[in-house]
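Asker: My questions will all concern the structure given below.
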2 protein chains.
Amino acid sequence: MSAGYPKGRRRRAEIVEAASAKFASVGYRNASMVQIAADCGVSRMGLAHHFPTKEALLAAVLEERDRVNGELFFTGFDATADGLDYFSRLARLVEHNATVPELVSLYAVLSVEAADPAHPAHTYFVDRYTHIRRDIRDALEELHARGLVRPGTSIAGAESDLIALIDGLQVQWLLDPTSVDMGARFRQRLSEMLLVEVP
Amino acid sequence: MSAGYPKGRRRRAEIVEAASAKFASVGYRNASMVQIAADCGVSRMGLAHHFPTKEALLAAVLEERDRVNGELFFTGFDATADGLDYFSRLARLVEHNATVPELVSLYAVLSVEAADPAHPAHTYFVDRYTHIRRDIRDALEELHARGLVRPGTSIAGAESDLIALIDGLQVQWLLDPTSVDMGARFRQRLSEMLLVEVP
């Protein structure tokens, strides 16, 4: 596979980058392989060599974005062992998102489009939310066990609310970046729930 | 205008219904006028008679949805005069949404697509969020003035959080309706913020 050689790897990365930008702006369904090939200056045959189908390209885009976010924010985390550390990573991710509107748009567009069970990323997004809810629940339970959750705060089901808050703030922020400070709102919410400041 | 006669009005309503379903499933950009005409059994000329452009059809869809939700939930409300009444209407709307997935999908798809300033519904959605945030802020301030906001609850900026919660829960619910009870979560959040139960 030429993808193993530097030139092939670089070309592959350029295609993933172009596809990511296209999916973020027009969605997966509306994106054309011909246009993506043109955007990164490869032939349709060259594109097919790396990604025989649009589904394969979508999978590569999501895998790459998860890899980057994982390396930047979630290497070695364990929400069951240190809930505060987990929320600190999550809060920094929300703050970082305000610097990468295209990436925020990518997830916002795809997650809604993928509600259709026939969408190739449907299972990916269902699983993604299941995992994030579990991590947030683990973190809240760990903090609760240490007596760090504010009295009167119900943590049952709060994992859905916190991820909803992040997603919903993104909708307002994408429409008008001056309308809301996503990182500040998320930290404010955490400070209302916890007795300890999130670093 | 034939739209003033019963038959023309009925035909127009059928077109708006078909367009709403199409926008909800594939988005505005991806929807074709030819397909919408076919979906409701009118000719392309017949469609053009009622809606000369796709933009005009989108405007009619949004206007119709706002009219129905307005009639069902928001006739005669005044958030500045009775915040509890406003939240009661909003909570009932969130509960109602769980019975109309197509409508929830319509707003979720369009609001994200409309982040692009060139999208014909961009201004509509920016204004929509501005108005909803103002109404929620008015309602919270009215309740705060009556001493009905729970001590320790910061209402500054909470209008962005509450609408984000509603929008974000929709993303999870559209992906997997069994994953979250939108109405219950929204009422739970209100109960954490307020000293009075929302009817």
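In the structure tokens, the first chain shown is A, the next is B, and so on; residue numbers restart at 1 for each chain, and ligands run from 1 in the order shown.
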Counting only C-alpha atoms, which residues of chain A come no farther than 7 Å from chain B, as number ranges by chain?

Answerer: A: 30, 108-109, 112, 115, 126, 161, 164-165, 167-169, 171, 174-176

Asker: Where does DSSP see helix (DSSP H, G or I) in chain B, if you list the residues as a PyMOL selection string?

Answerer: chain B and resi 2-4+6-26+33-39+44-50+54-74+83-97+101-113+122-145+158-175+182-193

Asker: Would you mind listing what lies within 12 Å of B:Leu103 as number ranges by chain, with only C-alpha atoms counted and same-chain residues fewer than 2 positions away left out?

Answerer: B: 17, 19-25, 61-62, 64-66, 68-69, 93-94, 96-101, 105-110, 170, 174

Asker: Please report the interatomic distance between atom CA of B:Glu95 and atom CA of B:Tyr28 in Å with one decimal.

Answerer: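 Interatomic distance, atom CA of B:Glu95 to atom CA of B:Tyr28: 25.9 Å.
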
Asker: So, with only C-alpha atoms as the atoms that count, which of A:Leu47, A:Ala156, A:Leu72, A:Ala139 lies closest to A:Ala13?

Answerer: A:Leu47

Asker: Using only C-alpha atoms, pick whichever of B:Val149, B:Ile155, B:Ile15, B:Ala81 has the shortest atom-to-atom distance to B:Ser43.

Answerer: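 Using only C-alpha atoms, the shortest distance to B:Ser43 belongs to B:Ile15.
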
Asker: For A:Leu148, list every protein, DNA or RNA residue within 7 Å, evaluated using only C-alpha atoms, and leave out those in the same chain fewer than 2 positions away; present the list as a list of chain:residue names.

Answerer: A:Leu143, A:His144, A:Arg146, A:Arg150, A:Leu194, A:Leu195, A:Val196

Asker: Considering only C-alpha atoms, state which residue in the set A:Gly76, A:Pro151, A:Pro6, A:Pro120 is at the smallest distance from A:Met193.

Answerer: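 Counting only C-alpha atoms, the residue closest to A:Met193 is A:Pro151.
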
Asker: What is the atom CA of B:Asp138 to atom CA of A:Glu197 distance in Å?

Answerer: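 Computed distance, atom CA of B:Asp138 to atom CA of A:Glu197, equals 29.5 Å.
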